[in-house]
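Trainee: This is final_2.cif (mmCIF, C-alpha atoms).
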```
data_run
loop_
_atom_site.label_atom_id
_atom_site.label_comp_id
_atom_site.auth_asym_id
_atom_site.auth_seq_id
_atom_site.Cartn_x
_atom_site.Cartn_y
_atom_site.Cartn_z
CA MET F 1298 26.79 1.75 48.04
CA SER F 1299 26.53 -1.70 46.67
CA SER F 1300 23.69 -0.78 44.34
CA ASN F 1301 25.96 1.82 42.70
CA THR F 1302 28.74 -0.71 42.42
CA VAL F 1303 26.44 -3.10 40.66
CA GLU F 1304 25.28 -0.42 38.28
CA SER F 1305 28.81 0.71 37.46
CA ASP F 1306 29.63 -2.85 36.45
CA ILE F 1307 27.06 -2.70 33.70
CA THR F 1308 28.38 -1.28 30.46
CA PRO F 1309 25.90 1.33 29.33
CA LEU F 1310 24.56 0.27 25.96
CA PRO F 1311 22.62 2.43 23.56
CA THR F 1312 18.98 1.52 23.65
CA MET F 1313 16.73 0.94 20.70
CA THR F 1314 13.01 1.49 20.40
CA ILE F 1315 10.77 -0.91 18.51
CA HIS F 1316 7.41 0.42 17.39
CA ASP F 1317 5.52 -2.76 17.96
CA PHE F 1318 2.25 -4.65 18.16
CA PRO F 1319 3.20 -7.62 20.34
CA LYS F 1320 1.10 -10.34 18.71
CA GLY F 1321 1.45 -9.10 15.14
CA PRO F 1322 3.00 -11.55 12.67
CA TYR F 1323 5.53 -9.03 11.31
CA PRO F 1324 6.51 -7.66 14.76
CA THR F 1325 6.92 -11.28 15.85
CA ARG F 1326 9.61 -11.73 13.19
CA VAL F 1327 11.71 -8.95 14.71
CA ARG F 1328 10.99 -10.13 18.26
CA ILE F 1329 12.33 -13.59 17.34
CA ALA F 1330 15.42 -12.04 15.74
CA LEU F 1331 16.04 -9.96 18.88
CA ALA F 1332 15.75 -13.07 21.05
CA GLU F 1333 18.03 -15.10 18.79
CA LYS F 1334 20.63 -12.31 19.08
CA ASP F 1335 20.03 -11.90 22.85
CA LEU F 1336 19.29 -8.20 22.36
CA GLN F 1337 15.90 -7.90 24.09
CA SER F 1338 17.37 -6.09 27.10
CA ARG F 1339 18.56 -3.25 24.86
CA VAL F 1340 15.11 -2.65 23.41
CA GLU F 1341 12.20 -0.58 24.57
CA PHE F 1342 8.94 -1.63 22.98
CA VAL F 1343 6.38 1.05 22.18
CA MET F 1344 2.88 -0.11 21.40
CA VAL F 1345 1.30 1.11 18.15
CA ASP F 1346 -2.33 -0.01 18.09
CA LEU F 1347 -3.02 -1.47 14.68
CA TYR F 1348 -6.73 -1.81 15.41
CA LYS F 1349 -6.90 1.93 16.03
CA GLY F 1350 -5.00 2.56 12.79
CA GLU F 1351 -2.16 4.30 14.62
CA HIS F 1352 0.26 3.04 11.93
CA LYS F 1353 -1.71 4.90 9.25
CA LYS F 1354 -1.70 8.27 11.02
CA ALA F 1355 0.04 11.10 9.15
CA GLU F 1356 2.54 11.62 11.96
CA PHE F 1357 3.62 7.97 12.04
CA ILE F 1358 3.98 7.90 8.25
CA ALA F 1359 5.96 11.15 8.18
CA GLN F 1360 8.25 10.37 11.11
CA LYS F 1361 8.55 6.59 11.43
CA ASN F 1362 7.68 4.69 8.25
CA TYR F 1363 6.42 6.05 4.93
CA SER F 1364 4.81 2.68 4.17
CA GLY F 1365 2.70 2.80 7.34
CA THR F 1366 3.57 -0.66 8.62
CA LEU F 1367 5.03 -2.28 11.72
CA PRO F 1368 7.54 -2.99 13.12
CA VAL F 1369 9.92 -0.03 13.00
CA LEU F 1370 13.28 0.08 14.78
CA GLU F 1371 14.21 3.56 16.01
CA LEU F 1372 17.78 4.26 17.03
CA ASP F 1373 18.96 6.71 19.68
CA ASP F 1374 19.63 9.39 17.05
CA GLY F 1375 16.11 9.12 15.63
CA THR F 1376 17.04 7.04 12.60
CA CYS F 1377 14.13 4.74 11.77
CA ILE F 1378 14.61 1.38 10.09
CA ALA F 1379 11.43 -0.24 8.78
CA GLU F 1380 10.90 -3.59 7.05
CA CYS F 1381 11.62 -6.86 8.86
CA THR F 1382 14.43 -7.94 6.53
CA ALA F 1383 16.19 -4.59 6.96
CA ILE F 1384 15.81 -4.65 10.75
CA THR F 1385 17.07 -8.23 10.86
CA GLU F 1386 20.11 -7.30 8.74
CA TYR F 1387 20.86 -4.47 11.19
CA LEU F 1388 20.44 -6.58 14.33
CA ASP F 1389 22.34 -9.53 12.91
CA ALA F 1390 25.34 -7.39 12.01
CA LEU F 1391 25.56 -5.57 15.38
CA ASP F 1392 27.84 -8.11 17.05
CA GLY F 1393 29.86 -8.87 13.94
CA THR F 1394 28.69 -12.49 13.93
CA PRO F 1395 25.78 -12.96 11.55
CA THR F 1396 23.78 -16.04 12.50
CA LEU F 1397 20.49 -15.20 10.78
CA THR F 1398 21.37 -13.62 7.42
CA GLY F 1399 24.32 -15.73 6.26
CA ARG F 1400 28.10 -15.56 6.25
CA THR F 1401 29.11 -16.77 2.77
CA PRO F 1402 27.82 -15.38 -0.52
CA LEU F 1403 25.83 -18.58 -1.06
CA GLU F 1404 24.27 -18.47 2.42
CA LYS F 1405 23.32 -14.81 2.01
CA GLY F 1406 21.81 -15.44 -1.41
CA VAL F 1407 19.80 -18.49 -0.42
CA ILE F 1408 18.58 -17.03 2.89
CA HIS F 1409 17.43 -13.82 1.23
CA MET F 1410 15.74 -15.76 -1.57
CA MET F 1411 13.88 -18.10 0.76
CA SER F 1412 12.87 -15.29 3.11
CA LYS F 1413 11.50 -13.24 0.23
CA ARG F 1414 9.75 -16.32 -1.12
CA ALA F 1415 8.18 -16.88 2.30
CA GLU F 1416 6.87 -13.33 2.13
CA LEU F 1417 5.57 -13.58 -1.44
CA GLU F 1418 4.07 -17.04 -1.24
CA LEU F 1419 2.86 -17.14 2.35
CA LEU F 1420 3.13 -14.23 4.80
CA ASP F 1421 2.38 -11.26 2.52
CA ALA F 1422 -0.28 -13.26 0.68
CA ILE F 1423 -2.07 -14.00 3.98
CA SER F 1424 -1.72 -10.36 4.98
CA VAL F 1425 -3.48 -9.26 1.78
CA TYR F 1426 -6.21 -11.84 2.41
CA PHE F 1427 -6.66 -10.53 5.97
CA HIS F 1428 -6.84 -6.88 4.93
CA HIS F 1429 -8.95 -7.36 1.80
CA ALA F 1430 -11.23 -10.37 2.22
CA THR F 1431 -11.88 -10.48 5.97
CA PRO F 1432 -12.90 -7.68 8.37
CA GLY F 1433 -9.17 -7.18 8.90
CA LEU F 1434 -8.45 -4.32 11.30
CA GLY F 1435 -12.07 -3.14 11.16
CA PRO F 1436 -13.98 -0.70 8.97
CA ASP F 1437 -12.28 2.43 10.33
CA VAL F 1438 -8.85 1.16 9.26
CA GLU F 1439 -9.71 -0.95 6.21
CA THR F 1440 -11.00 1.96 4.14
CA TYR F 1441 -10.39 0.15 0.85
CA GLN F 1442 -10.83 -3.56 0.28
CA ASN F 1443 -10.54 -5.66 -2.85
CA PRO F 1444 -12.03 -9.03 -1.79
CA GLU F 1445 -11.35 -10.75 -5.10
CA TRP F 1446 -7.65 -9.93 -4.77
CA GLY F 1447 -7.76 -11.06 -1.15
CA TYR F 1448 -9.17 -14.48 -2.02
CA ARG F 1449 -6.65 -14.80 -4.85
CA GLN F 1450 -3.84 -14.23 -2.35
CA ARG F 1451 -5.38 -16.66 0.15
CA ASP F 1452 -5.28 -19.35 -2.53
CA LYS F 1453 -1.65 -18.48 -3.25
CA ALA F 1454 -0.81 -18.95 0.43
CA LEU F 1455 -2.62 -22.29 0.45
CA ARG F 1456 -0.32 -23.39 -2.38
CA GLY F 1457 2.65 -22.00 -0.48
CA MET F 1458 2.16 -24.39 2.42
CA PRO F 1459 2.74 -27.57 0.37
CA TYR F 1460 5.65 -25.81 -1.35
CA PHE F 1461 7.41 -25.20 1.95
CA ASN F 1462 6.46 -28.71 3.03
CA ASP F 1463 8.35 -30.03 0.00
CA VAL F 1464 11.34 -27.85 0.90
CA LEU F 1465 11.34 -29.17 4.45
CA LYS F 1466 11.19 -32.77 3.29
CA GLN F 1467 14.63 -32.17 1.77
CA GLN F 1468 16.34 -30.15 4.47
CA SER F 1469 16.08 -29.32 8.18
CA PHE F 1470 15.48 -25.59 7.81
CA VAL F 1471 13.88 -23.32 5.23
CA ALA F 1472 17.21 -22.14 3.77
CA GLY F 1473 19.29 -25.27 4.34
CA GLU F 1474 20.75 -26.97 7.39
CA ALA F 1475 20.81 -24.02 9.79
CA PHE F 1476 18.19 -21.79 11.38
CA SER F 1477 17.98 -18.42 9.61
CA MET F 1478 15.88 -15.37 8.83
CA ALA F 1479 14.02 -17.51 6.30
CA ASP F 1480 12.68 -19.76 9.08
CA ILE F 1481 11.57 -16.67 10.97
CA THR F 1482 9.64 -15.45 7.93
CA VAL F 1483 7.80 -18.76 7.51
CA ILE F 1484 7.01 -18.70 11.25
CA GLY F 1485 5.52 -15.23 10.69
CA GLY F 1486 3.44 -16.71 7.89
CA LEU F 1487 2.09 -19.50 10.05
CA VAL F 1488 1.37 -17.07 12.91
CA PHE F 1489 -0.75 -15.07 10.46
CA ALA F 1490 -2.31 -18.25 9.06
CA ALA F 1491 -3.57 -19.12 12.55
CA ILE F 1492 -5.04 -15.63 13.00
CA VAL F 1493 -7.04 -15.94 9.77
CA LYS F 1494 -7.87 -19.59 10.47
CA LEU F 1495 -6.03 -21.15 7.55
CA PRO F 1496 -4.54 -24.18 9.29
CA VAL F 1497 -1.63 -26.05 7.75
CA PRO F 1498 -3.12 -29.16 6.09
CA ALA F 1499 -2.39 -32.38 7.98
CA GLU F 1500 -0.69 -33.85 4.90
CA CYS F 1501 2.03 -31.17 5.15
CA GLU F 1502 3.82 -33.38 7.66
CA ALA F 1503 7.31 -31.99 7.16
CA LEU F 1504 6.10 -28.41 7.54
CA LEU F 1505 4.15 -29.30 10.69
CA ALA F 1506 7.10 -31.19 12.19
CA TRP F 1507 9.43 -28.27 11.45
CA TYR F 1508 6.94 -25.84 13.02
CA ALA F 1509 6.72 -27.97 16.17
CA ARG F 1510 10.52 -27.88 16.39
CA MET F 1511 10.55 -24.12 15.85
CA ARG F 1512 8.07 -23.60 18.68
CA GLU F 1513 10.47 -25.42 21.01
CA ARG F 1514 13.10 -22.72 20.49
CA PRO F 1515 13.02 -20.24 23.40
CA SER F 1516 13.23 -17.34 20.92
CA VAL F 1517 9.95 -18.51 19.40
CA ARG F 1518 7.90 -20.12 22.15
CA ASN F 1519 8.14 -17.13 24.49
CA GLN F 1520 6.63 -14.69 22.00
CA PRO F 1521 3.29 -13.03 22.78
CA ALA F 1522 1.99 -14.48 19.49
CA PHE F 1523 2.13 -17.94 21.10
CA ALA F 1524 0.75 -16.93 24.51
CA MET J 1387 51.66 -22.43 -28.79
CA SER J 1388 51.03 -18.88 -27.82
CA SER J 1389 47.29 -19.36 -27.70
CA ASN J 1390 47.77 -22.02 -25.05
CA THR J 1391 50.09 -19.75 -23.12
CA VAL J 1392 47.55 -17.01 -23.15
CA GLU J 1393 44.84 -19.37 -22.01
CA SER J 1394 46.93 -20.76 -19.18
CA ASP J 1395 47.49 -17.25 -17.90
CA ILE J 1396 43.78 -16.86 -17.34
CA THR J 1397 42.59 -18.17 -14.02
CA PRO J 1398 39.59 -20.36 -14.75
CA LEU J 1399 36.63 -18.88 -12.95
CA PRO J 1400 33.36 -20.62 -12.37
CA THR J 1401 30.72 -19.26 -14.65
CA MET J 1402 27.23 -18.27 -13.67
CA THR J 1403 24.08 -18.34 -15.74
CA ILE J 1404 21.46 -15.62 -15.53
CA HIS J 1405 18.00 -16.48 -16.76
CA ASP J 1406 17.26 -13.13 -18.24
CA PHE J 1407 15.07 -10.86 -20.30
CA PRO J 1408 17.50 -8.12 -21.31
CA LYS J 1409 15.19 -5.10 -21.22
CA GLY J 1410 13.12 -6.22 -18.23
CA PRO J 1411 13.12 -3.88 -15.22
CA TYR J 1412 13.96 -6.63 -12.72
CA PRO J 1413 16.67 -8.25 -14.88
CA THR J 1414 18.09 -4.76 -15.37
CA ARG J 1415 18.63 -4.53 -11.59
CA VAL J 1416 20.86 -7.60 -11.62
CA ARG J 1417 22.60 -6.49 -14.81
CA ILE J 1418 23.52 -3.20 -13.12
CA ALA J 1419 24.76 -5.03 -10.02
CA LEU J 1420 26.90 -7.29 -12.22
CA ALA J 1421 28.40 -4.27 -13.98
CA GLU J 1422 29.06 -2.44 -10.69
CA LYS J 1423 30.91 -5.53 -9.44
CA ASP J 1424 32.69 -6.04 -12.81
CA LEU J 1425 31.37 -9.59 -13.03
CA GLN J 1426 29.76 -9.56 -16.48
CA SER J 1427 32.51 -11.65 -18.03
CA ARG J 1428 31.71 -14.51 -15.66
CA VAL J 1429 28.07 -14.62 -16.66
CA GLU J 1430 26.27 -16.38 -19.44
CA PHE J 1431 22.86 -14.87 -20.14
CA VAL J 1432 20.05 -17.20 -21.19
CA MET J 1433 16.97 -15.58 -22.67
CA VAL J 1434 13.61 -16.45 -21.14
CA ASP J 1435 10.88 -14.89 -23.25
CA LEU J 1436 8.41 -13.22 -20.92
CA TYR J 1437 6.02 -12.46 -23.77
CA LYS J 1438 5.82 -16.20 -24.52
CA GLY J 1439 5.24 -16.91 -20.82
CA GLU J 1440 8.36 -19.06 -20.59
CA HIS J 1441 8.76 -17.99 -16.95
CA LYS J 1442 5.35 -19.48 -16.11
CA LYS J 1443 6.02 -22.90 -17.65
CA ALA J 1444 5.90 -25.82 -15.21
CA GLU J 1445 9.50 -26.79 -15.93
CA PHE J 1446 10.83 -23.29 -15.17
CA ILE J 1447 8.82 -23.12 -11.96
CA ALA J 1448 9.93 -26.56 -10.82
CA GLN J 1449 13.59 -26.19 -11.70
CA LYS J 1450 14.49 -22.50 -11.61
CA ASN J 1451 12.10 -20.37 -9.54
CA TYR J 1452 8.92 -21.42 -7.77
CA SER J 1453 7.60 -17.86 -8.01
CA GLY J 1454 7.86 -17.85 -11.82
CA THR J 1455 9.77 -14.58 -12.15
CA LEU J 1456 13.01 -13.31 -13.64
CA PRO J 1457 15.90 -12.95 -13.17
CA VAL J 1458 17.33 -16.16 -11.74
CA LEU J 1459 21.02 -16.74 -11.09
CA GLU J 1460 22.08 -20.36 -11.64
CA LEU J 1461 25.41 -21.54 -10.27
CA ASP J 1462 27.64 -24.24 -11.74
CA ASP J 1463 26.25 -26.86 -9.37
CA GLY J 1464 22.66 -26.11 -10.40
CA THR J 1465 21.78 -24.00 -7.36
CA CYS J 1466 19.28 -21.34 -8.40
CA ILE J 1467 19.03 -18.00 -6.63
CA ALA J 1468 15.94 -15.96 -7.47
CA GLU J 1469 14.87 -12.49 -6.28
CA CYS J 1470 16.95 -9.42 -7.14
CA THR J 1471 17.85 -8.60 -3.54
CA ALA J 1472 19.09 -12.13 -2.91
CA ILE J 1473 21.10 -12.20 -6.15
CA THR J 1474 22.60 -8.81 -5.32
CA GLU J 1475 23.56 -10.01 -1.82
CA TYR J 1476 25.29 -13.00 -3.42
CA LEU J 1477 27.15 -11.01 -6.06
CA ASP J 1478 28.13 -8.24 -3.66
CA ALA J 1479 29.66 -10.70 -1.19
CA LEU J 1480 31.66 -12.67 -3.79
CA ASP J 1481 34.78 -10.50 -3.61
CA GLY J 1482 34.55 -9.86 0.12
CA THR J 1483 34.07 -6.13 -0.46
CA PRO J 1484 30.40 -5.20 -0.33
CA THR J 1485 29.78 -1.96 -2.18
CA LEU J 1486 26.07 -2.32 -2.88
CA THR J 1487 24.51 -3.84 0.25
CA GLY J 1488 26.34 -2.06 3.06
CA ARG J 1489 29.28 -2.67 5.36
CA THR J 1490 28.10 -1.47 8.79
CA PRO J 1491 24.89 -2.55 10.53
CA LEU J 1492 23.40 0.89 9.87
CA GLU J 1493 24.30 0.83 6.18
CA LYS J 1494 22.86 -2.67 5.77
CA GLY J 1495 19.66 -1.71 7.56
CA VAL J 1496 19.07 1.52 5.67
CA ILE J 1497 19.97 0.07 2.26
CA HIS J 1498 17.66 -2.91 2.73
CA MET J 1499 14.86 -0.66 3.99
CA MET J 1500 15.13 1.78 1.10
CA SER J 1501 15.44 -0.97 -1.49
CA LYS J 1502 12.36 -2.73 -0.12
CA ARG J 1503 10.53 0.60 0.00
CA ALA J 1504 11.46 1.22 -3.65
CA GLU J 1505 9.90 -2.15 -4.47
CA LEU J 1506 6.73 -1.60 -2.44
CA GLU J 1507 6.10 2.00 -3.38
CA LEU J 1508 7.37 2.10 -6.96
CA LEU J 1509 8.73 -0.91 -8.84
CA ASP J 1510 6.39 -3.67 -7.62
CA ALA J 1511 3.42 -1.29 -7.72
CA ILE J 1512 4.13 -0.48 -11.38
CA SER J 1513 4.58 -4.17 -12.12
CA VAL J 1514 1.12 -4.91 -10.71
CA TYR J 1515 -0.32 -2.05 -12.78
CA PHE J 1516 1.35 -3.45 -15.91
CA HIS J 1517 0.13 -7.00 -15.36
CA HIS J 1518 -3.38 -6.14 -14.15
CA ALA J 1519 -4.54 -2.89 -15.77
CA THR J 1520 -2.74 -2.85 -19.12
CA PRO J 1521 -2.41 -5.60 -21.77
CA GLY J 1522 0.77 -6.58 -19.92
CA LEU J 1523 2.46 -9.60 -21.49
CA GLY J 1524 -0.60 -10.32 -23.64
CA PRO J 1525 -3.73 -12.44 -23.19
CA ASP J 1526 -1.94 -15.79 -23.36
CA VAL J 1527 0.24 -14.89 -20.35
CA GLU J 1528 -2.06 -12.59 -18.37
CA THR J 1529 -4.68 -15.24 -17.67
CA TYR J 1530 -6.00 -13.37 -14.61
CA GLN J 1531 -6.24 -9.61 -14.29
CA ASN J 1532 -7.68 -7.43 -11.53
CA PRO J 1533 -7.77 -3.97 -13.15
CA GLU J 1534 -9.08 -2.21 -10.04
CA TRP J 1535 -6.08 -3.47 -8.07
CA GLY J 1536 -3.81 -2.51 -10.94
CA TYR J 1537 -5.03 1.11 -10.98
CA ARG J 1538 -4.75 1.25 -7.20
CA GLN J 1539 -1.10 0.22 -7.46
CA ARG J 1540 -0.47 2.73 -10.27
CA ASP J 1541 -1.71 5.48 -7.98
CA LYS J 1542 0.59 4.22 -5.22
CA ALA J 1543 3.54 4.43 -7.60
CA LEU J 1544 2.54 7.96 -8.59
CA ARG J 1545 2.75 8.89 -4.88
CA GLY J 1546 6.07 7.07 -4.61
CA MET J 1547 7.73 9.38 -7.11
CA PRO J 1548 7.32 12.56 -4.99
CA TYR J 1549 8.33 10.54 -1.92
CA PHE J 1550 11.67 9.56 -3.49
CA ASN J 1551 11.99 13.12 -4.78
CA ASP J 1552 11.78 14.32 -1.17
CA VAL J 1553 14.41 11.76 -0.14
CA LEU J 1554 16.74 12.93 -2.89
CA LYS J 1555 16.35 16.56 -1.89
CA GLN J 1556 18.04 15.62 1.39
CA GLN J 1557 20.78 13.29 0.20
CA SER J 1558 22.73 12.34 -2.92
CA PHE J 1559 21.60 8.73 -3.17
CA VAL J 1560 18.49 6.77 -2.20
CA ALA J 1561 20.05 5.28 0.94
CA GLY J 1562 22.39 8.12 1.90
CA GLU J 1563 25.62 9.48 0.46
CA ALA J 1564 26.78 6.45 -1.52
CA PHE J 1565 25.44 4.49 -4.48
CA SER J 1566 23.79 1.24 -3.36
CA MET J 1567 21.31 -1.49 -4.15
CA ALA J 1568 18.56 0.97 -3.21
CA ASP J 1569 19.49 3.23 -6.13
CA ILE J 1570 19.40 0.23 -8.43
CA THR J 1571 15.88 -0.62 -7.26
CA VAL J 1572 14.59 2.91 -7.92
CA ILE J 1573 16.25 2.77 -11.35
CA GLY J 1574 14.32 -0.45 -11.98
CA GLY J 1575 11.16 1.39 -10.97
CA LEU J 1576 11.78 4.23 -13.41
CA VAL J 1577 12.67 1.79 -16.19
CA PHE J 1578 9.27 0.15 -15.66
CA ALA J 1579 7.57 3.57 -15.36
CA ALA J 1580 8.83 4.44 -18.85
CA ILE J 1581 7.54 1.13 -20.25
CA VAL J 1582 4.03 1.81 -18.93
CA LYS J 1583 4.23 5.51 -19.83
CA LEU J 1584 4.09 6.95 -16.32
CA PRO J 1585 6.67 9.71 -16.65
CA VAL J 1586 8.24 11.28 -13.58
CA PRO J 1587 6.44 14.61 -13.03
CA ALA J 1588 8.55 17.64 -13.94
CA GLU J 1589 8.19 19.02 -10.41
CA CYS J 1590 10.14 16.02 -9.07
CA GLU J 1591 13.34 17.88 -9.86
CA ALA J 1592 15.59 16.10 -7.37
CA LEU J 1593 14.45 12.68 -8.57
CA LEU J 1594 14.96 13.68 -12.21
CA ALA J 1595 18.41 15.13 -11.51
CA TRP J 1596 19.43 11.99 -9.62
CA TYR J 1597 18.13 9.82 -12.50
CA ALA J 1598 20.15 11.83 -15.02
CA ARG J 1599 23.26 11.26 -12.86
CA MET J 1600 22.48 7.55 -12.59
CA ARG J 1601 22.23 7.23 -16.36
CA GLU J 1602 25.75 8.62 -16.66
CA ARG J 1603 27.15 5.65 -14.75
CA PRO J 1604 28.57 3.08 -17.20
CA SER J 1605 26.87 0.28 -15.24
CA VAL J 1606 23.52 1.90 -15.99
CA ARG J 1607 23.79 3.63 -19.36
CA ASN J 1608 25.05 0.55 -21.18
CA GLN J 1609 22.06 -1.59 -20.24
CA PRO J 1610 19.72 -2.86 -22.97
CA ALA J 1611 16.86 -1.12 -21.13
CA PHE J 1612 18.37 2.21 -22.17
CA ALA J 1613 19.25 1.24 -25.74
#
```
Show this structure as C-alpha cells.

Mentor:
Amino acid sequence: MSSNTVESDITPLPTMTIHDFPKGPYPTRVRIALAEKDLQSRVEFVMVDLYKGEHKKAEFIAQKNYSGTLPVLELDDGTCIAECTAITEYLDALDGTPTLTGRTPLEKGVIHMMSKRAELELLDAISVYFHHATPGLGPDVETYQNPEWGYRQRDKALRGMPYFNDVLKQQSFVAGEAFSMADITVIGGLVFAAIVKLPVPAECEALLAWYARMRERPSVRNQPAFA
Amino acid sequence: MSSNTVESDITPLPTMTIHDFPKGPYPTRVRIALAEKDLQSRVEFVMVDLYKGEHKKAEFIAQKNYSGTLPVLELDDGTCIAECTAITEYLDALDGTPTLTGRTPLEKGVIHMMSKRAELELLDAISVYFHHATPGLGPDVETYQNPEWGYRQRDKALRGMPYFNDVLKQQSFVAGEAFSMADITVIGGLVFAAIVKLPVPAECEALLAWYARMRERPSVRNQPAFA
C-alpha cells in the first residue's frame, strides 16, 4: 500500500509537548524558536488557559513547573523544562548547530546578556505591570496585586524602549549582527506592550524599523500573537 | 637574564576585568565559576562599592551595565558582559569544555531552568527583600522602597528553601548528578539569605547537607563571602 510506503519513509521522531497559551508573550518566544529551528512538526501543543488560572493549579505546579508559568516543554519521558531561555537552549542544541544562542564564548555571553536585559528592562517589567496594575488575568487569578510596584515596572519598561532603540541604532540585531534569542525576547516584550497598550514611541525609529523587519520573518509573522 | 627566560615561557593571555564587590552574592557566583574553570589568574578585580551606590552612577550605567548591577565582565577590547548567567556561559565556553552550563541539549535545558528557578524563587527574591524591606544599601542608595513587595518576596524565598530541599532529596546536585551553574545560583541565594538573616530551616536537611558539601569545594570555601 502506497500510504504505508510513504509512512515508512518518514523517520519516526520523538515528539515533544509544549504547555502553551498561543497568544501569550512568553509562549510566543518558544513558538518563534521552534519555527526558527523548523521543529514545529515535532511538537504537540497543549492549551493551558491562563485566564482560568490553570497554570496556578496545584497539579500543574507539582508536575509541570514549580514557578507556575508558561510555556513548559515536556519530553517523551516526562521531563519538564520550563523558562523560555532554558527551552531555547534545549531546542537550539538539538541539531548540533546553534543559531539562536551563540557559537563562540563571546556570542553566548552577549546573547545571554541581551536576552536577560530584554527580560529585566522590558518583557518582565511589562508582565509585572499587567499582573499588578491592570486587571491582568482577572480577579480570580490575580489574588494579590501591588499596583505601585506595577506602575514602577511600567515606567521601567518605558525607559527600556529608548534603550533598545539606542542599541538598534548601532547594530542590526539586539545582540549584534545576527538574529538571536535576544531578538526573540525583545519581540516578546513588544507583543506584551501591545496587549497592555504601551505603544513604542514614534521617536524610537530604530526599534520600530527593527520590529517591522522582525515581523517579516516567517517564524514571527505566522504566530498567533500577530493574527 | 633568567627573569626574561621565565617570562618568555609564559604564554601571554588576554586579561579580563571583573567589576566586583567581593562579598556580594551575585559577584560570588562569578567568582565561583572563575575558580571552577581555573581562570582566576587571568582576571583583574575592580572594586565597585555598592554601599556608595557606585553601580548606580550614570557613568557606570552608560559604560558598563545599563541595568546598574554587579558583576560585570569587561574584556580587553572594552566589551562588557553583565548578568551572571551570561558571564558564566562566556567563561564556561572559553576552553571548549563546558562543565557548568551543560553539554547535551537536555543538560543545557535543565541547568538553565534550575538556575533561573534558583534566581526567581530564592536569590532574586531575597535581593528584593533586602533592597525593599530592610535598610539595604542605606538611604542614599535605596531611594525607592516598596516594603510590602519586599516582604512578599521574602516569603517566596522562604517557600523556595523547602522546594530546593525536595529537589536535593532526589538528586545530588540542583540540576541532576553533576555540579553546575544551578548549584552556584543556589549558593548565591544562601549567601544572600545569611546576609539578611533568613537561615535555612533545620528541617531542610537535604538542602543543608548539600550546602555543607558545597562549602567543602575549594571554588566555594575560599570565597570572600565565606571569610

Trainee: How far is it from CA of Leu1459 (chain J) to CA of Thr1403 (chain J), in Å with one decimal?

Mentor: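 Going from CA of Leu1459 (chain J) over to CA of Thr1403 (chain J) covers 5.8 Å.
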
Trainee: Compute the chain F side of the contact with chain J at 10 Å, counting only C-alpha atoms, and hand it back as a ChimeraX atom specification.

Mentor: /F:1362-1364,1370,1372,1376-1393,1399-1414,1417-1418,1441-1443,1445-1446,1449,1457,1460

Trainee: Figure out the distance between CA of Thr1401 (chain J) and CA of Thr1455 (chain J), please, to one decimal in Å.

Mentor: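 Result for CA of Thr1455 (chain J) versus CA of Thr1401 (chain J): 21.6 Å, one decimal.
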
Trainee: To one decimal in Å, tell me the separation between CA of Glu1589 (chain J) and CA of Lys1361 (chain F).

Mentor: 25.1 Å

Trainee: Run the PyMOL selection byres ((chain J and resi 1512-1517) around 12) mentally over the shown coordinates, then write out the matched residues as a ChimeraX atom specification, using the chain letters and numbers from the document.

Mentor: /F:1446 /J:1410-1412,1436-1437,1455,1504-1511,1518-1525,1527-1547,1572,1574-1585

Trainee: Can you work out which one of J:Leu1593, J:Ile1418, J:Val1429, J:Val1458 has the shortest atom-to-atom distance to His1441 (chain J), counting all atoms listed in the file?

Mentor: J:Val1458

Trainee: Pick from F:Thr1325, F:Thr1396, F:Gln1467, F:Ser1338: nearest to Trp1507 (chain F), with only C-alpha atoms counted?

Mentor: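 Among F:Thr1325, F:Thr1396, F:Gln1467, F:Ser1338, it is F:Gln1467 that comes nearest to Trp1507 (chain F).
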
Trainee: Kindly output region 1411-1418 of chain F as a compact mmCIF listing (two decimals), in the frame of the given file, after building N, CA, C and O atoms.

Mentor:
```txt
# COMPACT_ATOMS: atom_id res chain seq x y z
N MET F 1411 14.93 -17.32 0.10
CA MET F 1411 13.88 -18.10 0.76
C MET F 1411 13.04 -17.22 1.68
O MET F 1411 11.85 -17.46 1.85
N SER F 1412 13.65 -16.20 2.26
CA SER F 1412 12.87 -15.29 3.11
C SER F 1412 11.90 -14.48 2.27
O SER F 1412 10.72 -14.32 2.62
N LYS F 1413 12.39 -13.99 1.14
CA LYS F 1413 11.50 -13.24 0.23
C LYS F 1413 10.41 -14.15 -0.31
O LYS F 1413 9.24 -13.74 -0.42
N ARG F 1414 10.75 -15.38 -0.62
CA ARG F 1414 9.75 -16.32 -1.12
C ARG F 1414 8.69 -16.60 -0.05
O ARG F 1414 7.51 -16.73 -0.35
N ALA F 1415 9.14 -16.68 1.20
CA ALA F 1415 8.18 -16.88 2.30
C ALA F 1415 7.25 -15.68 2.46
O ALA F 1415 6.09 -15.83 2.84
N GLU F 1416 7.76 -14.50 2.14
CA GLU F 1416 6.87 -13.33 2.13
C GLU F 1416 5.87 -13.43 0.97
O GLU F 1416 4.67 -13.34 1.16
N LEU F 1417 6.41 -13.60 -0.24
CA LEU F 1417 5.57 -13.58 -1.44
C LEU F 1417 4.51 -14.67 -1.43
O LEU F 1417 3.36 -14.43 -1.79
N GLU F 1418 4.92 -15.87 -1.04
CA GLU F 1418 4.07 -17.04 -1.24
C GLU F 1418 3.29 -17.42 0.01
O GLU F 1418 2.50 -18.35 -0.02
```
